[in-house]
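Content type mmCIF, C-alpha atoms, from the file run18.cif:
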data_start
loop_
_atom_site.group_PDB
_atom_site.id
_atom_site.type_symbol
_atom_site.label_atom_id
_atom_site.label_comp_id
_atom_site.auth_asym_id
_atom_site.auth_seq_id
_atom_site.Cartn_x
_atom_site.Cartn_y
_atom_site.Cartn_z
ATOM 1 C CA MET A 1 -24.322 19.104 0.345
ATOM 2 C CA SER A 2 -26.442 21.773 -1.294
ATOM 3 C CA ARG A 3 -29.068 21.114 -3.957
ATOM 4 C CA ALA A 4 -26.918 22.949 -6.536
ATOM 5 C CA SER A 5 -23.984 20.589 -5.929
ATOM 6 C CA ASP A 6 -26.383 17.600 -6.031
ATOM 7 C CA ARG A 7 -27.314 18.594 -9.592
ATOM 8 C CA THR A 8 -23.655 18.782 -10.693
ATOM 9 C CA HIS A 9 -22.601 15.566 -8.954
ATOM 10 C CA CYS A 10 -22.452 12.625 -11.368
ATOM 11 C CA ALA A 11 -24.332 9.535 -10.211
ATOM 12 C CA GLN A 12 -21.435 7.346 -11.390
ATOM 13 C CA SER A 13 -18.739 9.031 -9.235
ATOM 14 C CA GLU A 14 -18.731 6.315 -6.559
ATOM 15 C CA LEU A 15 -18.192 3.669 -9.209
ATOM 16 C CA VAL A 16 -15.396 5.788 -10.692
ATOM 17 C CA CYS A 17 -13.731 5.815 -7.248
ATOM 18 C CA ALA A 18 -14.047 2.030 -7.017
ATOM 19 C CA TYR A 19 -12.582 1.767 -10.538
ATOM 20 C CA ALA A 20 -9.623 3.977 -9.562
ATOM 21 C CA LEU A 21 -8.926 1.730 -6.558
ATOM 22 C CA HIS A 22 -9.166 -1.441 -8.678
ATOM 23 C CA ALA A 23 -12.059 -2.516 -6.434
ATOM 24 C CA LEU A 24 -14.730 -2.598 -9.125
ATOM 25 C CA PRO A 25 -15.978 -6.041 -10.206
ATOM 26 C CA ALA A 26 -14.454 -7.015 -13.558
ATOM 27 C CA ARG A 27 -17.904 -7.222 -15.153
ATOM 28 C CA ASP A 28 -18.432 -3.455 -14.527
ATOM 29 C CA VAL A 29 -15.041 -2.168 -15.738
ATOM 30 C CA ALA A 30 -15.905 -1.713 -19.433
ATOM 31 C CA ALA A 31 -19.080 0.235 -18.630
ATOM 32 C CA ILE A 32 -17.246 2.619 -16.274
ATOM 33 C CA GLU A 33 -14.402 3.109 -18.748
ATOM 34 C CA ALA A 34 -16.980 4.030 -21.410
ATOM 35 C CA HIS A 35 -18.708 6.382 -18.954
ATOM 36 C CA VAL A 36 -15.422 8.088 -18.001
ATOM 37 C CA ALA A 37 -14.664 8.603 -21.696
ATOM 38 C CA SER A 38 -17.968 10.452 -22.112
ATOM 39 C CA CYS A 39 -18.193 12.320 -18.756
ATOM 40 C CA ALA A 40 -15.791 15.236 -18.263
ATOM 41 C CA GLN A 41 -16.573 15.472 -14.541
ATOM 42 C CA CYS A 42 -15.747 11.810 -13.887
ATOM 43 C CA ARG A 43 -12.657 12.014 -16.106
ATOM 44 C CA GLN A 44 -11.437 15.003 -14.063
ATOM 45 C CA GLU A 45 -12.214 13.189 -10.787
ATOM 46 C CA LEU A 46 -10.304 10.108 -11.961
ATOM 47 C CA GLN A 47 -7.293 12.241 -12.940
ATOM 48 C CA ALA A 48 -7.359 13.920 -9.508
ATOM 49 C CA MET A 49 -7.381 10.499 -7.790
ATOM 50 C CA ARG A 50 -4.526 8.985 -9.834
ATOM 51 C CA PRO A 51 -1.634 10.417 -7.720
ATOM 52 C CA VAL A 52 -3.244 9.126 -4.533
ATOM 53 C CA VAL A 53 -3.960 5.699 -5.987
ATOM 54 C CA ASP A 54 -0.483 5.534 -7.547
ATOM 55 C CA SER A 55 0.982 6.053 -4.072
ATOM 56 C CA PHE A 56 -0.647 2.715 -3.198
ATOM 57 C CA SER A 57 1.023 0.973 -6.148
ATOM 58 C CA SER A 58 3.313 -1.033 -3.928
ATOM 59 C CA TRP A 59 0.407 -2.370 -1.838
ATOM 60 C CA PRO A 60 -1.403 -5.566 -2.655
ATOM 61 C CA THR A 61 -4.765 -4.548 -4.140
ATOM 62 C CA ASP A 62 -6.612 -6.902 -1.784
ATOM 63 C CA VAL A 63 -5.725 -4.527 1.085
ATOM 64 C CA LEU A 64 -8.192 -2.058 -0.400
ATOM 65 C CA ARG A 65 -11.100 -4.521 -0.473
ATOM 66 C CA PRO A 66 -13.340 -5.505 2.417
ATOM 67 C CA ALA A 67 -12.936 -8.992 3.832
ATOM 68 C CA PRO A 68 -14.865 -11.693 1.918
ATOM 69 C CA SER A 69 -17.044 -12.316 4.991
ATOM 70 C CA LEU A 70 -18.148 -8.657 4.973
ATOM 71 C CA GLN A 71 -18.724 -8.757 1.214
ATOM 72 C CA ALA A 72 -20.853 -11.893 1.625
ATOM 73 C CA ARG A 73 -22.969 -10.335 4.413
ATOM 74 C CA LEU A 74 -23.500 -7.196 2.337
ATOM 75 C CA ALA A 75 -24.384 -9.242 -0.764
ATOM 76 C CA ARG A 76 -27.002 -11.215 1.184
ATOM 77 C CA ARG A 77 -28.472 -8.049 2.705
ATOM 78 C CA ILE A 78 -28.654 -6.273 -0.644
ATOM 79 C CA ALA A 79 -30.238 -9.354 -2.243
ATOM 80 C CA GLU A 80 -32.870 -9.513 0.525
ATOM 81 C CA GLU A 81 -33.760 -5.847 0.072
ATOM 82 C CA ALA A 82 -33.731 -6.039 -3.731
ATOM 83 C CA GLY A 83 -35.488 -9.381 -3.923
ATOM 84 C CA GLY A 84 -32.741 -11.031 -5.961
ATOM 85 C CA LYS A 85 -29.971 -13.560 -5.533
ATOM 86 C CA PRO A 86 -26.775 -12.537 -3.712
ATOM 87 C CA VAL A 87 -23.646 -12.010 -5.787
ATOM 88 C CA LEU A 88 -20.993 -13.516 -3.519
ATOM 89 C CA PRO A 89 -17.325 -12.496 -3.642
ATOM 90 C CA SER A 90 -14.747 -14.753 -5.218
ATOM 91 C CA ALA A 91 -12.131 -16.389 -3.020
ATOM 92 C CA ARG A 92 -9.103 -14.325 -2.049
ATOM 93 C CA LYS A 93 -6.096 -14.965 -4.239
ATOM 94 C CA TRP A 94 -3.409 -13.119 -2.276
ATOM 95 C CA GLN A 95 -1.575 -15.181 0.304
ATOM 96 C CA GLU A 96 0.649 -13.744 2.961
ATOM 97 C CA PRO A 97 4.316 -14.268 2.057
ATOM 98 C CA GLU A 98 6.742 -16.125 4.316
ATOM 99 C CA TRP A 99 9.659 -14.566 6.179
ATOM 100 C CA GLU A 100 12.940 -15.106 4.336
ATOM 101 C CA GLN A 101 16.374 -14.723 5.914
ATOM 102 C CA VAL A 102 18.369 -12.456 3.566
ATOM 103 C CA ALA A 103 21.472 -11.992 5.716
ATOM 104 C CA PRO A 104 22.577 -13.100 9.184
ATOM 105 C CA GLY A 105 20.060 -11.613 11.643
ATOM 106 C CA ILE A 106 17.956 -9.960 8.903
ATOM 107 C CA SER A 107 14.657 -11.396 7.651
ATOM 108 C CA CYS A 108 12.251 -9.905 5.124
ATOM 109 C CA LYS A 109 8.673 -10.524 4.135
ATOM 110 C CA LEU A 110 8.110 -9.169 0.625
ATOM 111 C CA LEU A 111 4.777 -7.367 0.308
ATOM 112 C CA ALA A 112 4.911 -5.923 -3.207
ATOM 113 C CA THR A 113 7.244 -4.975 -6.026
ATOM 114 C CA ASP A 114 6.750 -2.351 -8.722
ATOM 115 C CA THR A 115 9.324 -3.342 -11.345
ATOM 116 C CA LYS A 116 8.555 -0.333 -13.576
ATOM 117 C CA LYS A 117 9.281 2.173 -10.787
ATOM 118 C CA HIS A 118 11.944 -0.011 -9.091
ATOM 119 C CA ILE A 119 10.080 0.137 -5.769
ATOM 120 C CA ILE A 120 9.787 -2.638 -3.245
ATOM 121 C CA SER A 121 7.786 -2.762 -0.019
ATOM 122 C CA MET A 122 8.489 -5.269 2.696
ATOM 123 C CA LEU A 123 8.482 -6.025 6.366
ATOM 124 C CA VAL A 124 12.030 -6.201 7.714
ATOM 125 C CA ARG A 125 13.012 -7.857 10.978
ATOM 126 C CA LEU A 126 16.427 -7.361 12.573
ATOM 127 C CA ALA A 127 17.519 -9.728 15.335
ATOM 128 C CA PRO A 128 19.078 -8.176 18.477
ATOM 129 C CA GLY A 129 22.517 -6.849 17.555
ATOM 130 C CA ALA A 130 21.972 -7.217 13.785
ATOM 131 C CA ALA A 131 23.105 -4.492 11.404
ATOM 132 C CA TYR A 132 22.057 -3.578 7.871
ATOM 133 C CA PRO A 133 24.940 -2.747 5.506
ATOM 134 C CA PRO A 134 25.764 0.888 4.724
ATOM 135 C CA HIS A 135 23.894 1.980 1.608
ATOM 136 C CA THR A 136 22.995 4.874 -0.694
ATOM 137 C CA HIS A 137 19.349 5.502 -1.567
ATOM 138 C CA ALA A 138 18.626 5.344 -5.305
ATOM 139 C CA GLY A 139 15.075 6.606 -4.667
ATOM 140 C CA VAL A 140 13.024 7.713 -1.693
ATOM 141 C CA GLU A 141 13.290 5.300 1.238
ATOM 142 C CA GLU A 142 10.454 5.234 3.766
ATOM 143 C CA LEU A 143 10.690 3.303 7.007
ATOM 144 C CA HIS A 144 8.019 2.976 9.697
ATOM 145 C CA LEU A 145 9.150 1.201 12.878
ATOM 146 C CA LEU A 146 6.540 -1.227 14.207
ATOM 147 C CA ASP A 147 8.318 -2.655 17.254
ATOM 148 C CA GLY A 148 11.694 -2.663 18.990
ATOM 149 C CA GLU A 149 14.301 0.062 18.623
ATOM 150 C CA LEU A 150 16.367 0.926 15.564
ATOM 151 C CA TRP A 151 19.387 3.160 15.156
ATOM 152 C CA ILE A 152 19.893 4.936 11.823
ATOM 153 C CA ASP A 153 23.299 6.606 12.106
ATOM 154 C CA ASP A 154 22.923 8.819 15.232
ATOM 155 C CA ARG A 155 19.094 8.764 15.403
ATOM 156 C CA LYS A 156 17.295 6.235 17.585
ATOM 157 C CA LEU A 157 13.798 5.249 16.416
ATOM 158 C CA TYR A 158 11.039 3.894 18.643
ATOM 159 C CA PRO A 159 7.790 2.104 17.689
ATOM 160 C CA GLY A 160 5.624 4.442 15.603
ATOM 161 C CA ASP A 161 8.572 6.525 14.365
ATOM 162 C CA TYR A 162 8.996 7.270 10.658
ATOM 163 C CA ASN A 163 12.206 7.887 8.728
ATOM 164 C CA ARG A 164 12.495 9.206 5.172
ATOM 165 C CA GLY A 165 15.696 9.047 3.158
ATOM 166 C CA GLU A 166 15.907 11.172 0.024
ATOM 167 C CA PRO A 167 17.496 9.919 -3.227
ATOM 168 C CA GLY A 168 21.277 10.257 -3.173
ATOM 169 C CA THR A 169 21.506 10.260 0.629
ATOM 170 C CA GLY A 170 22.838 7.286 2.528
ATOM 171 C CA ASP A 171 22.872 5.508 5.853
ATOM 172 C CA LYS A 172 26.271 4.560 7.263
ATOM 173 C CA ARG A 173 25.042 2.489 10.183
ATOM 174 C CA VAL A 174 21.611 0.875 10.634
ATOM 175 C CA TRP A 175 21.364 -1.517 13.565
ATOM 176 C CA SER A 176 19.194 -2.709 16.409
ATOM 177 C CA GLU A 177 20.316 -3.427 19.940
ATOM 178 C CA THR A 178 16.935 -4.904 20.933
ATOM 179 C CA GLY A 179 15.767 -6.365 17.619
ATOM 180 C CA CYS A 180 12.988 -4.692 15.640
ATOM 181 C CA THR A 181 10.397 -4.984 12.893
ATOM 182 C CA CYS A 182 9.664 -2.237 10.371
ATOM 183 C CA VAL A 183 7.810 -1.528 7.158
ATOM 184 C CA LEU A 184 10.320 -0.524 4.490
ATOM 185 C CA ILE A 185 9.514 0.973 1.090
ATOM 186 C CA THR A 186 12.638 1.542 -0.948
ATOM 187 C CA SER A 187 14.248 1.372 -4.357
ATOM 188 C CA THR A 188 15.479 -1.920 -5.770
ATOM 189 C CA LEU A 189 18.398 0.080 -7.161
ATOM 190 C CA ASP A 190 19.892 1.082 -3.768
ATOM 191 C CA VAL A 191 23.679 0.715 -3.662
ATOM 192 C CA LEU A 192 25.173 -1.295 -0.796
ATOM 193 C CA ARG A 193 28.645 -0.136 0.265
#

Rendering of file as structure tokens:
Amino acid sequence: MSRASDRTHCAQSELVCAYALHALPARDVAAIEAHVASCAQCRQELQAMRPVVDSFSSWPTDVLRPAPSLQARLARRIAEEAGGKPVLPSARKWQEPEWEQVAPGISCKLLATDTKKHIISMLVRLAPGAAYPPHTHAGVEELHLLDGELWIDDRKLYPGDYNRGEPGTGDKRVWSETGCTCVLITSTLDVLR
């Protein structure tokens, strides 16, 4: 980074990034909000980050934070160097959801729901030979196959494959010969046929 860009870079920009990711300690939120209101550069940076952060809206916010053990080690190290007391992280509040059987051979683990945007993200597991009912996508559907094999109409997916369904399109046949697990982000307004 050049010296000229150092002079135009706001010292609060890292805290603004943490604020945008909802990773800023609650005690610092009001100060950063006041700063953003008075700093055009930080306000512009926050606006530029919003679409990226909004794409994470269906993720639990704890995914974006370091593990409590790492936070504790960092707090102790900072306290040693600064000569103060460590500010330790609070206990994690998010607990991993349980698998729930939603239909014969189909289990889901709900990760997050955005009721305003009608978006749901979940892990979906199909048993060998199980099929998902034909459906029409009310919004964008994103599927990332983690393990097994999955057929979506005439396309066979393998671990690591990604499938995107646009609003208004549909899948006539979704099934797995081997069984599979996938990450699915879809609309709660999808229409089953």

>> As a check of understanding, name the residues that the PyMOL selection byres ((chain A and resi 99) around 6) selects in the supplied structure, as a PyMOL selection string.
In response: chain A and resi 98+100+108-109

> So which one's closest to Leu15 (chain A), A:Leu145, A:Leu126, A:Val29, A:Ala40? Using only C-alpha atoms, please.
Replying inline: A:Val29

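The list of residues with at least one atom within 9 Å of Tyr19 (chain A), based on all atoms listed in the file and without residues fewer than 2 positions apart in the same chain, reads Glu14, Leu15, Val16, Cys17, Leu21, His22, Ala23, Leu24, Pro25, Asp28, Val29, Ile32, Glu33 and Leu46 of chain A.
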
Keeping C-alpha atoms, export the residues of the selection given above as a short mmCIF file (atom, residue, chain, number, x, y, z; two decimals), in the frame of the given file.
data_model
loop_
_atom_site.label_atom_id
_atom_site.label_comp_id
_atom_site.auth_asym_id
_atom_site.auth_seq_id
_atom_site.Cartn_x
_atom_site.Cartn_y
_atom_site.Cartn_z
CA GLU A 14 -18.73 6.32 -6.56
CA LEU A 15 -18.19 3.67 -9.21
CA VAL A 16 -15.40 5.79 -10.69
CA CYS A 17 -13.73 5.82 -7.25
CA LEU A 21 -8.93 1.73 -6.56
CA HIS A 22 -9.17 -1.44 -8.68
CA ALA A 23 -12.06 -2.52 -6.43
CA LEU A 24 -14.73 -2.60 -9.12
CA PRO A 25 -15.98 -6.04 -10.21
CA ASP A 28 -18.43 -3.46 -14.53
CA VAL A 29 -15.04 -2.17 -15.74
CA ILE A 32 -17.25 2.62 -16.27
CA GLU A 33 -14.40 3.11 -18.75
CA LEU A 46 -10.30 10.11 -11.96
#

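Among the candidate residues A:Ile106, A:Val191, A:Ala37, A:Met49, the one lying nearest to Thr169 (chain A) is A:Val191, with distances computed using all atoms listed in the file.
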
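Nearest residue to Met122 (chain A) among A:Pro97, A:Gly168, A:Pro159, A:Gly83 is A:Pro97, counting all atoms listed in the file.
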
>> Report, in Å with one decimal, the straight-line distance from CA of Lys172 (chain A) to CA of Gly129 (chain A).
In response: 15.8 Å

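For the choices A:Leu88, A:Ala130, A:Leu74, A:Ile185, the atom-to-atom distance to Glu142 (chain A) is smallest for A:Ile185 when using all atoms listed in the file.
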
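The closest residue to Arg73 (chain A), picked from A:Ala103, A:Val87, A:Val36, A:Leu184 and counting all atoms listed in the file, is A:Val87.
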
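For the pair CA of Pro133 (chain A) and CA of Leu192 (chain A), the separation is 6.5 Å.
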
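One finds CA of His144 (chain A) at 11.3 Å from CA of Ser121 (chain A).
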
> Exactly which residues make up the result of the PyMOL selection byres ((chain A and resi 173-180) around 9) on this file, given as number ranges by chain?
Replying inline: A: 124-135, 145-154, 159, 171-172, 181-182

Give the centre and edge lengths of an axis-aligned box, in Å to one decimal, that holds all listed atoms of region 22-32 of chain A with 3 Å on each side, as JSON.
{"center_x": -14.1, "center_y": -2.3, "center_z": -12.9, "size_x": 15.9, "size_y": 15.8, "size_z": 19.0}

>> Can you tell me which residues surround Thr188 (chain A) at a distance of at most 10 Å, considering only C-alpha atoms, apart from same-chain residues fewer than 3 positions away, and format the answer as an MDAnalysis selection string?
In response: chainID A and resid 113:115 117:121 137:139 185 191

> Using only C-alpha atoms, which of A:Leu110, A:Tyr158, A:Thr186, A:Pro86 sits nearest Gln71 (chain A)?
Replying inline: A:Pro86

Could you write out as a PDB file with C-alpha atoms, keeping the file's coordinate frame the residues that the PyMOL selection byres ((chain A and resi 164) around 9) matches in the shown file?
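Result went into part24.pdb, see below:
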ATOM      1  CA  VAL A 140      13.024   7.713  -1.693  1.00  0.00           C
ATOM      2  CA  GLU A 141      13.290   5.300   1.238  1.00  0.00           C
ATOM      3  CA  GLU A 142      10.454   5.234   3.766  1.00  0.00           C
ATOM      4  CA  LEU A 143      10.690   3.303   7.007  1.00  0.00           C
ATOM      5  CA  HIS A 144       8.019   2.976   9.697  1.00  0.00           C
ATOM      6  CA  TYR A 162       8.996   7.270  10.658  1.00  0.00           C
ATOM      7  CA  ASN A 163      12.206   7.887   8.728  1.00  0.00           C
ATOM      8  CA  GLY A 165      15.696   9.047   3.158  1.00  0.00           C
ATOM      9  CA  GLU A 166      15.907  11.172   0.024  1.00  0.00           C
TER      10      GLU A 166
END

> Any idea what's packed within 9 Å of His35 (chain A), counting all atoms listed in the file, ignoring anything in its chain fewer than 6 positions away? Could you give it as a list in words?
Replying inline: Gln12, Val16, Cys42 and Arg43 of chain A
